[in-house]
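*Asks:* This structure is in structure tokens; I'll ask about it shortly.
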Amino acid sequence: MRIWAKLMLVLAVLVALPAAAAPKRIALTFDDVPRNRGAFLTPDQRTDRLIAGLRMAGVPQVAFFVNPGFLLNEDGKGGERRIAAYVAAGHVIGNHSWNHPHLNAMSAEDYLANIDKADAWLRQQPGFRPWFRFPFLDEGGADKAKRDAVRAGLAARGYRNGYVTAEASDWNMESLTIAAKRAGKTIDMDALKALYVESHVLAADFYDDLAIGTWGRSPIHVMLLHETDLAAMYIPDLVAALKADGWEIVSADAAFADPISKLFPDTPHSGGTLTEAAAWEKGLPLPRWYERNDIPLANRLFAERVLHETVLAE
Ligand SMILES: [Zn+2]
């Protein structure tokens, strides 16, 4: 090779390196704590496995979004110990409302009172962060007056939006697993793990492409998961797969310090992921929605791959 060709090659590699080496960054968050019992573990086993899995995977700090009202449920008994264990392991807790209402089902005033009730309990706990995660990611739908009243109410209380940038409807996979177990069906556990891991890695990449299209850069992402048995069992595999795909797992504190945390997109329907809302506001073309969040499609994938059932497409 001629010397100039060699030089050009070295130059090309040097120019390409920074872009190739820039890591995609993501933090993990777990909602509905203390969540209902799953198909495989007791609530205590779930917490112990989740903490051990996060430690084993080298995840620095995740956020758990708590519904203190769930402590009164049958499955929530002993939840105080489990929440304290998460915090003792270095993780933080945020507000997910008292008992998970839909904003479109109540007034802004009642909704803020529900948040305050949760806040009164949460503020007594170590590891508390003033972040509010909207249940169902429902930020008021088409009712902009209600949306703005809640946004103002949160700001007045010193709260920030505990938004989500990536998700794969893990709650649905958990409930399909519970239903299959109850029905006595054979669950292909390797296939279940593979589907859980793959669906979330694809979601992270889908939403990162959407974010880059919207903001011209890759923000620090926030992945929505739930405090499920599937998370407790498969977190080390999910983290390994994300890392193999070029992701760096960062703390929830780092993620919610990204400049996108200051954004409040104005869209005809308020809710869902921040990435989708910002893409909508900017007028990005469809799809702005990760396809596996389409529940009939997710159900079909689960039936075919995990239960090995034949499903006819509609
Ligand atoms: Zn929730």
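So you can find residues: chains in the structure tokens are A, B, ... in the order shown, residues in each start at 1, and ligands are numbered from 1 in order.
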Within 10 Å of ligand 1, which residues show up when you count only C-alpha atoms and all ligand atoms? List them as a ChimeraX atom specification, please.
*Replies:* /A:30-33,35,65-67,96-97,99-102,133-138,171,224-227
*Asks:* Produce a file of the selected residues containing C-alpha atoms, as a PDB file, in the first residue's frame.
*Replies:*
```
ATOM      1  CA  PHE A  30     -38.616  -0.544  38.335  1.00  0.00           C
ATOM      2  CA  ASP A  31     -42.243   0.434  38.931  1.00  0.00           C
ATOM      3  CA  ASP A  32     -45.162  -0.599  41.164  1.00  0.00           C
ATOM      4  CA  VAL A  33     -43.110  -1.473  44.264  1.00  0.00           C
ATOM      5  CA  ARG A  35     -45.682  -5.313  43.185  1.00  0.00           C
ATOM      6  CA  PHE A  65     -40.927   3.814  41.886  1.00  0.00           C
ATOM      7  CA  VAL A  66     -43.064   3.050  44.911  1.00  0.00           C
ATOM      8  CA  ASN A  67     -46.813   2.949  45.525  1.00  0.00           C
ATOM      9  CA  HIS A  96     -45.396   6.452  41.731  1.00  0.00           C
ATOM     10  CA  SER A  97     -48.535   7.785  43.531  1.00  0.00           C
ATOM     11  CA  ASN A  99     -52.320   3.572  44.704  1.00  0.00           C
ATOM     12  CA  HIS A 100     -51.722   3.897  40.950  1.00  0.00           C
ATOM     13  CA  PRO A 101     -54.703   5.895  39.631  1.00  0.00           C
ATOM     14  CA  HIS A 102     -55.270   6.923  36.033  1.00  0.00           C
ATOM     15  CA  ARG A 133     -43.454   8.538  37.615  1.00  0.00           C
ATOM     16  CA  PHE A 134     -46.964   8.812  36.143  1.00  0.00           C
ATOM     17  CA  PRO A 135     -48.907   5.535  36.545  1.00  0.00           C
ATOM     18  CA  PHE A 136     -49.691   4.071  33.104  1.00  0.00           C
ATOM     19  CA  LEU A 137     -47.490   6.941  31.810  1.00  0.00           C
ATOM     20  CA  ASP A 138     -50.815   8.811  31.694  1.00  0.00           C
ATOM     21  CA  TRP A 171     -45.709  -5.993  32.675  1.00  0.00           C
ATOM     22  CA  LEU A 224     -39.086   1.342  32.339  1.00  0.00           C
ATOM     23  CA  LEU A 225     -39.276  -2.084  33.921  1.00  0.00           C
ATOM     24  CA  HIS A 226     -41.493  -3.366  36.713  1.00  0.00           C
ATOM     25  CA  GLU A 227     -40.604  -5.095  39.955  1.00  0.00           C
TER      26      GLU A 227
END
```
*Asks:* Residues at most 6 Å from range 25-28 of chain A, counting only C-alpha atoms, excluding those fewer than 3 positions away in the same chain, as a list in words?
*Replies:*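 Skipping anything fewer than 3 positions along the chain leaves Val62, Ile220, His221, Val222, Met223, Trp247, Glu248, Ile249, Val250, Ser251 and Ala252 of chain A.
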*Asks:* Take the residues that were just selected and, keeping N, CA and C atoms, output them as a compact mmCIF listing (two decimals), in the first residue's frame.
*Replies:*
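Contents of result-v7.txt, freshly written:
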```txt
# COMPACT_ATOMS: atom_id res chain seq x y z
N VAL A 62 -30.16 1.88 40.54
CA VAL A 62 -31.42 1.93 39.81
C VAL A 62 -32.42 2.69 40.66
N ILE A 220 -29.10 10.28 27.73
CA ILE A 220 -29.04 9.16 28.68
C ILE A 220 -30.47 8.65 28.83
N HIS A 221 -30.66 7.39 28.47
CA HIS A 221 -32.01 6.82 28.47
C HIS A 221 -32.44 6.35 29.85
N VAL A 222 -33.77 6.25 30.00
CA VAL A 222 -34.38 5.71 31.22
C VAL A 222 -35.28 4.57 30.78
N MET A 223 -34.93 3.36 31.16
CA MET A 223 -35.76 2.21 30.78
C MET A 223 -36.77 1.90 31.87
N TRP A 247 -24.27 -0.75 25.04
CA TRP A 247 -24.84 0.12 26.08
C TRP A 247 -23.99 0.12 27.33
N GLU A 248 -23.94 1.28 27.97
CA GLU A 248 -23.34 1.41 29.29
C GLU A 248 -24.49 1.65 30.26
N ILE A 249 -24.51 0.93 31.38
CA ILE A 249 -25.58 1.12 32.36
C ILE A 249 -25.11 2.17 33.35
N VAL A 250 -25.87 3.25 33.47
CA VAL A 250 -25.49 4.35 34.37
C VAL A 250 -26.54 4.48 35.48
N SER A 251 -26.25 5.34 36.45
CA SER A 251 -27.16 5.50 37.58
C SER A 251 -28.41 6.27 37.18
N ALA A 252 -29.46 6.08 37.96
CA ALA A 252 -30.69 6.85 37.75
C ALA A 252 -30.42 8.33 37.98
```
*Asks:* Where in range 19-141 of chain A does DSSP assign alpha helix (DSSP H), given as a compact mmCIF listing (two decimals) with N, CA and C atoms, in the first residue's frame?
*Replies:*
```
# COMPACT_ATOMS: atom_id res chain seq x y z
N ALA A 19 -17.03 8.54 17.25
CA ALA A 19 -18.44 8.20 17.07
C ALA A 19 -18.68 6.76 17.48
N ALA A 20 -17.80 5.88 17.03
CA ALA A 20 -17.98 4.46 17.31
C ALA A 20 -17.83 4.18 18.81
N ALA A 21 -16.94 4.97 19.46
CA ALA A 21 -16.66 4.70 20.86
C ALA A 21 -17.66 5.37 21.80
N PRO A 43 -42.38 -12.69 47.35
CA PRO A 43 -41.88 -11.30 47.28
C PRO A 43 -40.46 -11.16 47.87
N ASP A 44 -40.18 -11.84 48.97
CA ASP A 44 -38.84 -11.75 49.57
C ASP A 44 -37.78 -12.34 48.65
N GLN A 45 -38.10 -13.48 48.04
CA GLN A 45 -37.13 -14.09 47.10
C GLN A 45 -36.89 -13.17 45.92
N ARG A 46 -37.94 -12.53 45.46
CA ARG A 46 -37.82 -11.63 44.31
C ARG A 46 -36.85 -10.49 44.64
N THR A 47 -37.04 -9.89 45.80
CA THR A 47 -36.17 -8.77 46.19
C THR A 47 -34.72 -9.23 46.32
N ASP A 48 -34.51 -10.36 46.99
CA ASP A 48 -33.15 -10.83 47.19
C ASP A 48 -32.46 -11.13 45.85
N ARG A 49 -33.21 -11.76 44.95
CA ARG A 49 -32.61 -12.09 43.64
C ARG A 49 -32.35 -10.86 42.80
N LEU A 50 -33.27 -9.89 42.88
CA LEU A 50 -33.09 -8.67 42.09
C LEU A 50 -31.86 -7.89 42.58
N ILE A 51 -31.72 -7.77 43.89
CA ILE A 51 -30.56 -7.07 44.44
C ILE A 51 -29.27 -7.79 44.06
N ALA A 52 -29.27 -9.11 44.20
CA ALA A 52 -28.06 -9.89 43.87
C ALA A 52 -27.75 -9.79 42.38
N GLY A 53 -28.79 -9.83 41.55
CA GLY A 53 -28.60 -9.76 40.10
C GLY A 53 -28.03 -8.42 39.67
N LEU A 54 -28.55 -7.35 40.26
CA LEU A 54 -28.04 -6.02 39.92
C LEU A 54 -26.58 -5.87 40.36
N ARG A 55 -26.28 -6.42 41.53
CA ARG A 55 -24.89 -6.34 42.02
C ARG A 55 -23.97 -7.15 41.12
N MET A 56 -24.41 -8.36 40.78
CA MET A 56 -23.61 -9.25 39.94
C MET A 56 -23.35 -8.62 38.57
N GLY A 79 -43.46 -5.28 52.67
CA GLY A 79 -42.86 -4.46 51.62
C GLY A 79 -41.89 -3.42 52.16
N GLU A 80 -42.12 -2.95 53.39
CA GLU A 80 -41.20 -1.96 53.97
C GLU A 80 -39.79 -2.53 54.05
N ARG A 81 -39.70 -3.79 54.46
CA ARG A 81 -38.38 -4.43 54.56
C ARG A 81 -37.73 -4.54 53.18
N ARG A 82 -38.55 -4.89 52.19
CA ARG A 82 -38.01 -5.05 50.84
C ARG A 82 -37.52 -3.72 50.27
N ILE A 83 -38.31 -2.66 50.49
CA ILE A 83 -37.91 -1.33 50.00
C ILE A 83 -36.63 -0.87 50.70
N ALA A 84 -36.57 -1.11 52.02
CA ALA A 84 -35.36 -0.73 52.76
C ALA A 84 -34.15 -1.52 52.24
N ALA A 85 -34.36 -2.76 51.84
CA ALA A 85 -33.25 -3.58 51.32
C ALA A 85 -32.74 -3.01 49.99
N TYR A 86 -33.64 -2.53 49.14
CA TYR A 86 -33.21 -1.93 47.87
C TYR A 86 -32.33 -0.70 48.15
N VAL A 87 -32.78 0.11 49.09
CA VAL A 87 -32.04 1.34 49.40
C VAL A 87 -30.68 0.99 50.05
N ALA A 88 -30.70 0.01 50.94
CA ALA A 88 -29.45 -0.39 51.59
C ALA A 88 -28.45 -0.92 50.56
N ALA A 108 -57.38 16.94 38.71
CA ALA A 108 -55.98 17.24 39.02
C ALA A 108 -55.79 17.36 40.54
N GLU A 109 -56.79 17.94 41.20
CA GLU A 109 -56.71 18.14 42.65
C GLU A 109 -56.64 16.80 43.39
N ASP A 110 -57.53 15.88 43.04
CA ASP A 110 -57.52 14.56 43.68
C ASP A 110 -56.23 13.80 43.35
N TYR A 111 -55.76 13.98 42.13
CA TYR A 111 -54.53 13.30 41.71
C TYR A 111 -53.34 13.79 42.53
N LEU A 112 -53.25 15.11 42.70
CA LEU A 112 -52.14 15.67 43.48
C LEU A 112 -52.24 15.25 44.96
N ALA A 113 -53.48 15.10 45.45
CA ALA A 113 -53.66 14.62 46.83
C ALA A 113 -53.16 13.18 46.96
N ASN A 114 -53.37 12.38 45.92
CA ASN A 114 -52.90 11.01 45.91
C ASN A 114 -51.36 10.96 45.93
N ILE A 115 -50.75 11.89 45.18
CA ILE A 115 -49.29 12.01 45.17
C ILE A 115 -48.78 12.44 46.55
N ASP A 116 -49.49 13.40 47.16
CA ASP A 116 -49.08 13.90 48.49
C ASP A 116 -49.13 12.80 49.55
N LYS A 117 -50.14 11.94 49.43
CA LYS A 117 -50.28 10.86 50.39
C LYS A 117 -49.06 9.92 50.29
N ALA A 118 -48.64 9.64 49.07
CA ALA A 118 -47.45 8.81 48.87
C ALA A 118 -46.20 9.54 49.36
N ASP A 119 -46.15 10.84 49.09
CA ASP A 119 -44.99 11.66 49.47
C ASP A 119 -44.76 11.65 50.98
N ALA A 120 -45.88 11.69 51.73
CA ALA A 120 -45.77 11.74 53.19
C ALA A 120 -45.06 10.50 53.71
N TRP A 121 -45.30 9.35 53.08
CA TRP A 121 -44.61 8.12 53.49
C TRP A 121 -43.17 8.10 52.95
N LEU A 122 -43.03 8.45 51.68
CA LEU A 122 -41.73 8.32 51.01
C LEU A 122 -40.66 9.23 51.64
```
*Asks:* Select from range 41-147 of chain A everything DSSP, run on the backbone, classes as strand (DSSP E or B), then give the selection as a list in words.
*Replies:*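 Listing strand (DSSP E or B) positions across range 41-147 of chain A yields Ala63, Phe64, Phe65, Val66, Val92, Ile93, Gly94, Asn95, Phe128, Arg129, Pro130, Trp131, Phe132, Asp138, Glu139, Gly140 and Gly141 of chain A.
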*Asks:* Please dump the current selection as an mmCIF file, in the first residue's frame; keep N, CA and C atoms.
*Replies:*
```cif
data_model
loop_
_atom_site.group_PDB
_atom_site.id
_atom_site.type_symbol
_atom_site.label_atom_id
_atom_site.label_comp_id
_atom_site.auth_asym_id
_atom_site.auth_seq_id
_atom_site.Cartn_x
_atom_site.Cartn_y
_atom_site.Cartn_z
ATOM 1 N N ALA A 63 -33.548 3.051 40.058
ATOM 2 C CA ALA A 63 -34.631 3.699 40.812
ATOM 3 C C ALA A 63 -35.817 2.748 40.893
ATOM 4 N N PHE A 64 -36.406 2.692 42.081
ATOM 5 C CA PHE A 64 -37.646 1.952 42.290
ATOM 6 C C PHE A 64 -38.751 2.971 42.524
ATOM 7 N N PHE A 65 -39.802 2.897 41.717
ATOM 8 C CA PHE A 65 -40.927 3.814 41.886
ATOM 9 C C PHE A 65 -42.005 3.109 42.700
ATOM 10 N N VAL A 66 -42.292 3.713 43.857
ATOM 11 C CA VAL A 66 -43.064 3.050 44.911
ATOM 12 C C VAL A 66 -44.508 3.561 44.959
ATOM 13 N N VAL A 92 -32.242 3.911 44.746
ATOM 14 C CA VAL A 92 -33.046 5.040 45.220
ATOM 15 C C VAL A 92 -34.524 4.778 44.936
ATOM 16 N N ILE A 93 -35.379 5.549 45.616
ATOM 17 C CA ILE A 93 -36.821 5.363 45.462
ATOM 18 C C ILE A 93 -37.495 6.673 45.073
ATOM 19 N N GLY A 94 -38.492 6.563 44.211
ATOM 20 C CA GLY A 94 -39.273 7.722 43.786
ATOM 21 C C GLY A 94 -40.759 7.465 43.996
ATOM 22 N N ASN A 95 -41.554 8.481 43.659
ATOM 23 C CA ASN A 95 -42.998 8.471 43.907
ATOM 24 C C ASN A 95 -43.748 7.991 42.658
ATOM 25 N N PHE A 128 -34.758 8.535 49.200
ATOM 26 C CA PHE A 128 -35.875 9.152 48.468
ATOM 27 C C PHE A 128 -35.374 10.205 47.479
ATOM 28 N N ARG A 129 -35.956 10.202 46.294
ATOM 29 C CA ARG A 129 -35.720 11.243 45.295
ATOM 30 C C ARG A 129 -37.068 11.853 44.919
ATOM 31 N N PRO A 130 -37.149 13.181 44.770
ATOM 32 C CA PRO A 130 -38.424 13.812 44.407
ATOM 33 C C PRO A 130 -38.712 13.691 42.914
ATOM 34 N N TRP A 131 -38.861 12.471 42.462
ATOM 35 C CA TRP A 131 -39.176 12.163 41.063
ATOM 36 C C TRP A 131 -40.555 11.511 41.053
ATOM 37 N N PHE A 132 -41.430 11.974 40.143
ATOM 38 C CA PHE A 132 -42.751 11.366 40.031
ATOM 39 C C PHE A 132 -42.889 10.632 38.709
ATOM 40 N N ASP A 138 -49.660 7.983 32.076
ATOM 41 C CA ASP A 138 -50.815 8.811 31.694
ATOM 42 C C ASP A 138 -50.599 10.215 32.258
ATOM 43 N N GLU A 139 -50.288 11.166 31.372
ATOM 44 C CA GLU A 139 -50.020 12.541 31.811
ATOM 45 C C GLU A 139 -51.198 13.468 31.526
ATOM 46 N N GLY A 140 -52.373 12.876 31.374
ATOM 47 C CA GLY A 140 -53.571 13.699 31.222
ATOM 48 C C GLY A 140 -54.272 13.553 29.884
ATOM 49 N N GLY A 141 -53.663 12.808 28.949
ATOM 50 C CA GLY A 141 -54.301 12.578 27.660
ATOM 51 C C GLY A 141 -54.577 13.878 26.922
#
```
*Asks:* For Arg37 in chain A, find every residue with an atom within 8 Å (counting only C-alpha atoms), except residues of its own chain fewer than 4 positions away, and show them as number ranges by chain.
*Replies:* A: 41-43, 75, 228-229
*Asks:* Which residue is closest to Val306 in chain A? Choose from A:Met173, A:Ala166, A:Leu103, A:Val59 and count only C-alpha atoms.
*Replies:*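 The answer is A:Met173, which sits nearest to Val306 in chain A.
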*Asks:* Which one is closest to Glu291 in chain A: A:Ser199, A:Thr29, A:Thr267, A:Thr165? Count only C-alpha atoms.
*Replies:*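 Selected residue with least distance to Glu291 in chain A: A:Ser199.
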